[in-house]
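To keep things clear, I will list the structure first and then write my remarks on it.
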Amino acid sequence: MTTREGNLEAPTRHPLDWRNPEFYDHAALDGELERVYDICHGCRRCVSLCGAFPTLFDLIDESKTGEVDGVAKADYGRVVDQCYLCDICYMTKCPYVPPHPWNVDFPHLMLRAKAVKFRDVGARFRDKLLTGTDRLGKLATIPVVVQMVNKANTTPAVRKVMEKTLGVAAGAQLPPYAAHSLRKSFESSVAWPVRDGQRTPGKVVVFATCYVNYNEPGIGYDLLKLLAHNEIPYRFAEKEACCGMPKLELGDLESVERLKNVNIPPLVALARDGWAIVTPVPSCTLMFKHELPLLFPDDADVKAVAAAMFDPFEYFVERDRDGFIKRDFTQPLGKVSYHIPCHARVQNVGQKTREALQWVPDTEINTVERCAGHDGTWGVKVEFFAESMRIGKPVFARMGDTDPDYLSSDCPIAGRRILQGIEEKSGPSRARKEHPLTLLRIAYGIE
């Protein structure tokens, strides 16, 4: 059971039928979990991907029968809790995904189980807090408050209290909050003529994302500087909320819909006016490109936004093929250890970031394509932190073993976790942690 049995077609993703009452039926859910768990048990190809599969296989191997029927249904949720919806098993490993007749979609089954649990019992305060990224960001970036929050997040005694009271792991490094958000200090630039290409619209809407807006606006500034250097008009949409990925990972699909209803109307108006939409965080790009169309398959506006959505390096590489990207680099980058995060891999656009960084002369790219273990809010929770660091160990080792000048990942929180993992093992690293957009800005010599 390790081949597609002659099926050479690409994986096909079916919409998630989350409005169907049967979706929330416990007996139906348990039946599907048992069916898919049994298929996974017979294959075991995904055992090294994350904690979900080893947890499942241990439950089966330690049961009285040694089969799925020996596992108590009350323990099915232990597997679900280990899944952080990276989609890697579906897109790269499983031989039984659609169009195979067995129709295995492990991540969507885990999402269904999370949604049923959320509808039944809700979520604990910590999980609501961590996934309320807009509310948390707006509160944490209030003047004076931002200094207190950043101080608390780096004070060991405070972190121990946070671990006991909130369940946020004391050992997990948390990103700082910025004193000024990206959107508040943004000025649009439409000074250049629109030069549409065969592959790319010639003007860009930047979807800032909660993380870049509130935590690392410098990444957003670097994106704007790259657009400006290449004479590409850019702007923001009038309104922006969280993309919904944190709520999706929680199984809170009603909140995902509410956020969709905020984001899609201003974005679709721009998409239909010929603007490309670019987000600097892969999870947000994936949310608009794939997750929302699967949740709302009959929404034409969602489809239009998805069609206009680009990863930033996907856009730059396609723009280069249209003949509009400058190659006037002035600064080599030396050795770069570059990590491709899961939510970039499953977009199926290829290694566009690596391709763009290789434009820079005298630059050596060490590419690592494996999960770093952070995975949204999952990796900062006290019950999962140790496991997340274990998952990331191979990445930490491969990213650090070339003595790089830079450590970089398209996912900023993965980059932070990688640096933490390297330094916990080997001490302070001489390598600078920089986002790939920042590296490209440095290579251009832009201040």
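Chain labels A, B, ... are given in the sequence in which chains occur in the structure tokens; within each chain residues are numbered consecutively from 1, and ligands are likewise numbered from 1 in the order shown.
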Do a neighbour search on Lys225 of chain A at 12 Å with only C-alpha atoms, toss out local chain neighbours closer than 2 positions, and write the hits as an mmCIF file with C-alpha atoms, in the first residue's frame.
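As a result, result09.cif now contains:
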```cif
data_model
loop_
_atom_site.group_PDB
_atom_site.id
_atom_site.type_symbol
_atom_site.label_atom_id
_atom_site.label_comp_id
_atom_site.auth_asym_id
_atom_site.auth_seq_id
_atom_site.Cartn_x
_atom_site.Cartn_y
_atom_site.Cartn_z
ATOM 1 C CA PHE A 186 1.868 53.306 4.929
ATOM 2 C CA GLU A 187 1.764 55.595 1.947
ATOM 3 C CA SER A 188 0.657 54.238 -1.417
ATOM 4 C CA SER A 189 2.844 54.807 -4.438
ATOM 5 C CA GLY A 218 10.061 45.901 8.556
ATOM 6 C CA ILE A 219 9.254 42.902 6.363
ATOM 7 C CA GLY A 220 6.378 44.871 4.872
ATOM 8 C CA TYR A 221 8.541 47.957 4.348
ATOM 9 C CA ASP A 222 11.067 45.798 2.521
ATOM 10 C CA LEU A 223 8.339 44.463 0.225
ATOM 11 C CA LEU A 227 8.126 47.106 -5.484
ATOM 12 C CA ALA A 228 9.264 50.718 -5.648
ATOM 13 C CA HIS A 229 12.746 49.773 -6.892
ATOM 14 C CA ASN A 230 11.147 47.823 -9.715
ATOM 15 C CA GLU A 231 8.720 50.667 -10.441
ATOM 16 C CA ILE A 232 5.584 48.715 -9.613
ATOM 17 C CA PRO A 233 2.642 50.804 -8.303
ATOM 18 C CA TYR A 234 1.364 49.537 -4.954
ATOM 19 C CA LEU A 437 12.348 39.974 1.230
ATOM 20 C CA THR A 438 14.894 41.693 3.458
ATOM 21 C CA LEU A 439 17.712 39.727 1.824
ATOM 22 C CA LEU A 440 16.624 40.872 -1.630
ATOM 23 C CA ARG A 441 16.423 44.466 -0.411
ATOM 24 C CA ILE A 442 19.958 44.162 1.030
ATOM 25 C CA TYR A 444 19.838 45.675 -4.169
ATOM 26 C CA GLY A 445 21.679 48.007 -1.780
ATOM 27 C CA ILE A 446 18.426 49.721 -0.809
ATOM 28 C CA GLU A 447 18.414 51.483 2.564
#
```
Which of A:Ala113, A:Asp322, A:Arg327, A:Cys94 sits closest to Ala27 of chain A [using only C-alpha atoms] = A:Ala113
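Close contacts of Arg112 of chain A, defined as residues with an atom at most 9 Å away when counting only C-alpha atoms, with chain neighbours fewer than 5 positions off set aside, comprise Leu16, Trp18, Phe23, Tyr24, Leu29, Pro107, Lys117 and Gly251 of chain A.
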Requested write-out: N, CA and C atoms of the selected residues, as a short mmCIF file (atom, residue, chain, number, x, y, z; two decimals), in the first residue's frame:
```cif
data_model
loop_
_atom_site.label_atom_id
_atom_site.label_comp_id
_atom_site.auth_asym_id
_atom_site.auth_seq_id
_atom_site.Cartn_x
_atom_site.Cartn_y
_atom_site.Cartn_z
N LEU A 16 -14.85 21.49 1.32
CA LEU A 16 -15.21 21.01 2.66
C LEU A 16 -16.69 21.30 2.89
N TRP A 18 -18.86 21.85 5.10
CA TRP A 18 -18.99 22.13 6.53
C TRP A 18 -20.36 22.67 6.93
N PHE A 23 -21.81 16.80 8.77
CA PHE A 23 -20.44 17.17 9.04
C PHE A 23 -20.16 17.16 10.55
N TYR A 24 -21.17 17.52 11.35
CA TYR A 24 -21.03 17.62 12.81
C TYR A 24 -21.60 16.41 13.54
N LEU A 29 -18.61 11.14 12.01
CA LEU A 29 -17.20 11.54 12.14
C LEU A 29 -16.35 10.37 12.63
N PRO A 107 -5.84 15.97 6.32
CA PRO A 107 -5.95 17.30 6.95
C PRO A 107 -7.40 17.78 7.06
N LYS A 117 -15.31 19.55 17.66
CA LYS A 117 -14.91 19.82 19.04
C LYS A 117 -15.18 21.28 19.40
N GLY A 251 -10.55 25.31 14.36
CA GLY A 251 -11.83 24.70 14.00
C GLY A 251 -13.00 25.65 14.11
#
```
Find the residues around Ala115 of chain A up to 12 Å (only C-alpha atoms counted), leave out those fewer than 3 positions away in its own chain, and share them as a VMD selection string.
-> chain A and resid 16 to 19 23 to 26 29 77 80 to 81 108 to 112 118 to 123 247 to 256
Return the single residue from A:Asp196, A:Asp75, A:Glu387, A:Asp87 that is closest to Ala169 of chain A, with distances computed using only C-alpha atoms.
->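 Closest to Ala169 of chain A of all the choices is A:Glu387.
Nearest-residue note for Val368 of chain A: choosing from A:Pro428, A:Pro341, A:Pro436, A:Gly350, the minimum distance belongs to A:Pro341, counting only C-alpha atoms.
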So which residues touch segment 299-303 of chain A within 12 Å, counting only C-alpha atoms, skipping near sequence neighbours fewer than 5 positions away, as a ChimeraX atom specification?
-> /A:15,257,260-272,287-294,308-309
Write out the residues from the selection above, keeping C-alpha atoms, as a tab-separated table (two decimals), in the first residue's frame.
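What ended up in again-v6.tsv:
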```
chain	number	residue	atom	x	y	z
A	15	PRO	CA	-14.56	21.39	-1.07
A	257	GLU	CA	-16.52	33.23	7.57
A	260	LYS	CA	-13.81	36.43	4.99
A	261	ASN	CA	-16.76	38.81	4.87
A	262	VAL	CA	-14.49	41.66	5.98
A	263	ASN	CA	-11.59	40.94	3.64
A	264	ILE	CA	-13.11	39.78	0.39
A	265	PRO	CA	-15.26	42.82	-0.63
A	266	PRO	CA	-12.42	45.38	-0.78
A	267	LEU	CA	-9.98	42.84	-2.23
A	268	VAL	CA	-12.30	41.61	-4.97
A	269	ALA	CA	-12.99	45.14	-6.15
A	270	LEU	CA	-9.26	45.65	-6.64
A	271	ALA	CA	-8.74	42.20	-8.16
A	272	ARG	CA	-11.38	42.92	-10.77
A	287	MET	CA	-5.66	30.89	3.07
A	288	PHE	CA	-6.83	33.07	0.18
A	289	LYS	CA	-5.52	30.83	-2.60
A	290	HIS	CA	-6.77	27.47	-1.40
A	291	GLU	CA	-8.53	27.29	1.97
A	292	LEU	CA	-11.24	29.90	1.44
A	293	PRO	CA	-12.17	28.56	-2.03
A	294	LEU	CA	-12.55	25.09	-0.50
A	308	ALA	CA	-5.35	37.40	-8.17
A	309	MET	CA	-3.33	36.20	-5.15
```
Select from segment 99-218 of chain A every residue with an atom at most 12 Å from any atom of segment 235-239 of chain A, then for each give the shortest pair of atoms and their distance in Å to one decimal, using only C-alpha atoms, rows by chain and rising number, as JSON lines.
```
{"residue": "A:Leu182", "atom": "CA", "partner": "A:Phe236", "partner_atom": "CA", "distance": 10.3}
{"residue": "A:Arg183", "atom": "CA", "partner": "A:Phe236", "partner_atom": "CA", "distance": 7.8}
{"residue": "A:Lys184", "atom": "CA", "partner": "A:Phe236", "partner_atom": "CA", "distance": 10.8}
{"residue": "A:Ser185", "atom": "CA", "partner": "A:Phe236", "partner_atom": "CA", "distance": 11.4}
{"residue": "A:Phe186", "atom": "CA", "partner": "A:Phe236", "partner_atom": "CA", "distance": 8.3}
{"residue": "A:Glu187", "atom": "CA", "partner": "A:Arg235", "partner_atom": "CA", "distance": 7.5}
{"residue": "A:Ser188", "atom": "CA", "partner": "A:Arg235", "partner_atom": "CA", "distance": 4.6}
{"residue": "A:Ser189", "atom": "CA", "partner": "A:Arg235", "partner_atom": "CA", "distance": 6.5}
{"residue": "A:Val190", "atom": "CA", "partner": "A:Arg235", "partner_atom": "CA", "distance": 7.8}
{"residue": "A:Ala191", "atom": "CA", "partner": "A:Arg235", "partner_atom": "CA", "distance": 11.3}
{"residue": "A:Lys203", "atom": "CA", "partner": "A:Arg235", "partner_atom": "CA", "distance": 8.5}
{"residue": "A:Val204", "atom": "CA", "partner": "A:Arg235", "partner_atom": "CA", "distance": 6.6}
{"residue": "A:Val205", "atom": "CA", "partner": "A:Arg235", "partner_atom": "CA", "distance": 5.0}
{"residue": "A:Val206", "atom": "CA", "partner": "A:Phe236", "partner_atom": "CA", "distance": 5.2}
{"residue": "A:Phe207", "atom": "CA", "partner": "A:Phe236", "partner_atom": "CA", "distance": 6.5}
{"residue": "A:Ala208", "atom": "CA", "partner": "A:Phe236", "partner_atom": "CA", "distance": 7.8}
{"residue": "A:Thr209", "atom": "CA", "partner": "A:Phe236", "partner_atom": "CA", "distance": 11.1}
{"residue": "A:Asn213", "atom": "CA", "partner": "A:Phe236", "partner_atom": "CA", "distance": 11.7}
```
Write a file of the just-selected residues containing N, CA and C atoms, as a short mmCIF file (atom, residue, chain, number, x, y, z; two decimals), in the first residue's frame.
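Final output, again03.cif:
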```
data_model
loop_
_atom_site.label_atom_id
_atom_site.label_comp_id
_atom_site.auth_asym_id
_atom_site.auth_seq_id
_atom_site.Cartn_x
_atom_site.Cartn_y
_atom_site.Cartn_z
N LEU A 182 2.39 48.61 10.31
CA LEU A 182 2.69 48.89 8.90
C LEU A 182 1.60 49.72 8.25
N ARG A 183 0.36 49.34 8.44
CA ARG A 183 -0.73 50.02 7.74
C ARG A 183 -0.88 51.47 8.19
N LYS A 184 -0.60 51.76 9.47
CA LYS A 184 -0.75 53.13 9.95
C LYS A 184 0.30 54.06 9.36
N SER A 185 1.45 53.52 9.02
CA SER A 185 2.54 54.37 8.51
C SER A 185 2.72 54.22 7.01
N PHE A 186 1.76 53.61 6.36
CA PHE A 186 1.87 53.31 4.93
C PHE A 186 1.44 54.49 4.07
N GLU A 187 2.17 54.65 2.99
CA GLU A 187 1.76 55.59 1.95
C GLU A 187 1.79 54.85 0.61
N SER A 188 0.69 54.92 -0.13
CA SER A 188 0.66 54.24 -1.42
C SER A 188 1.56 54.96 -2.40
N SER A 189 2.00 54.21 -3.41
CA SER A 189 2.84 54.81 -4.44
C SER A 189 2.36 54.35 -5.80
N VAL A 190 1.83 55.27 -6.55
CA VAL A 190 1.34 54.95 -7.90
C VAL A 190 2.03 55.86 -8.92
N ALA A 191 3.29 56.21 -8.62
CA ALA A 191 4.00 57.19 -9.45
C ALA A 191 4.40 56.62 -10.80
N LYS A 203 0.36 46.20 -11.22
CA LYS A 203 0.14 46.96 -10.01
C LYS A 203 -0.25 45.99 -8.91
N VAL A 204 0.13 46.33 -7.65
CA VAL A 204 0.07 45.37 -6.55
C VAL A 204 -0.68 45.94 -5.35
N VAL A 205 -1.61 45.14 -4.83
CA VAL A 205 -2.21 45.39 -3.52
C VAL A 205 -1.47 44.54 -2.50
N VAL A 206 -0.99 45.16 -1.45
CA VAL A 206 -0.29 44.43 -0.39
C VAL A 206 -1.27 44.12 0.73
N PHE A 207 -1.47 42.83 1.01
CA PHE A 207 -2.24 42.41 2.18
C PHE A 207 -1.22 42.23 3.30
N ALA A 208 -1.23 43.13 4.27
CA ALA A 208 -0.13 43.25 5.23
C ALA A 208 0.05 42.01 6.09
N THR A 209 -1.04 41.36 6.48
CA THR A 209 -1.10 40.24 7.44
C THR A 209 -0.94 40.77 8.86
N ASN A 213 1.99 43.34 10.09
CA ASN A 213 1.43 44.63 10.49
C ASN A 213 1.81 45.00 11.92
#
```
Between A:Gln351, A:Ser408, A:Asn103, A:Gln420, which has the minimum distance to His374 of chain A (counting only C-alpha atoms)?
->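 Result for the nearest residue to His374 of chain A: A:Gln420.
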Using DSSP on the backbone coordinates, identify the residues of segment 238-338 of chain A assigned to helix (DSSP H, G or I); present them as a count of residues only.
-> 58
So how many Å separate atom CA of Arg44 of chain A and atom CA of Pro95 of chain A, to one decimal?
->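 Calculated distance between atom CA of Arg44 of chain A and atom CA of Pro95 of chain A is 10.9 Å.
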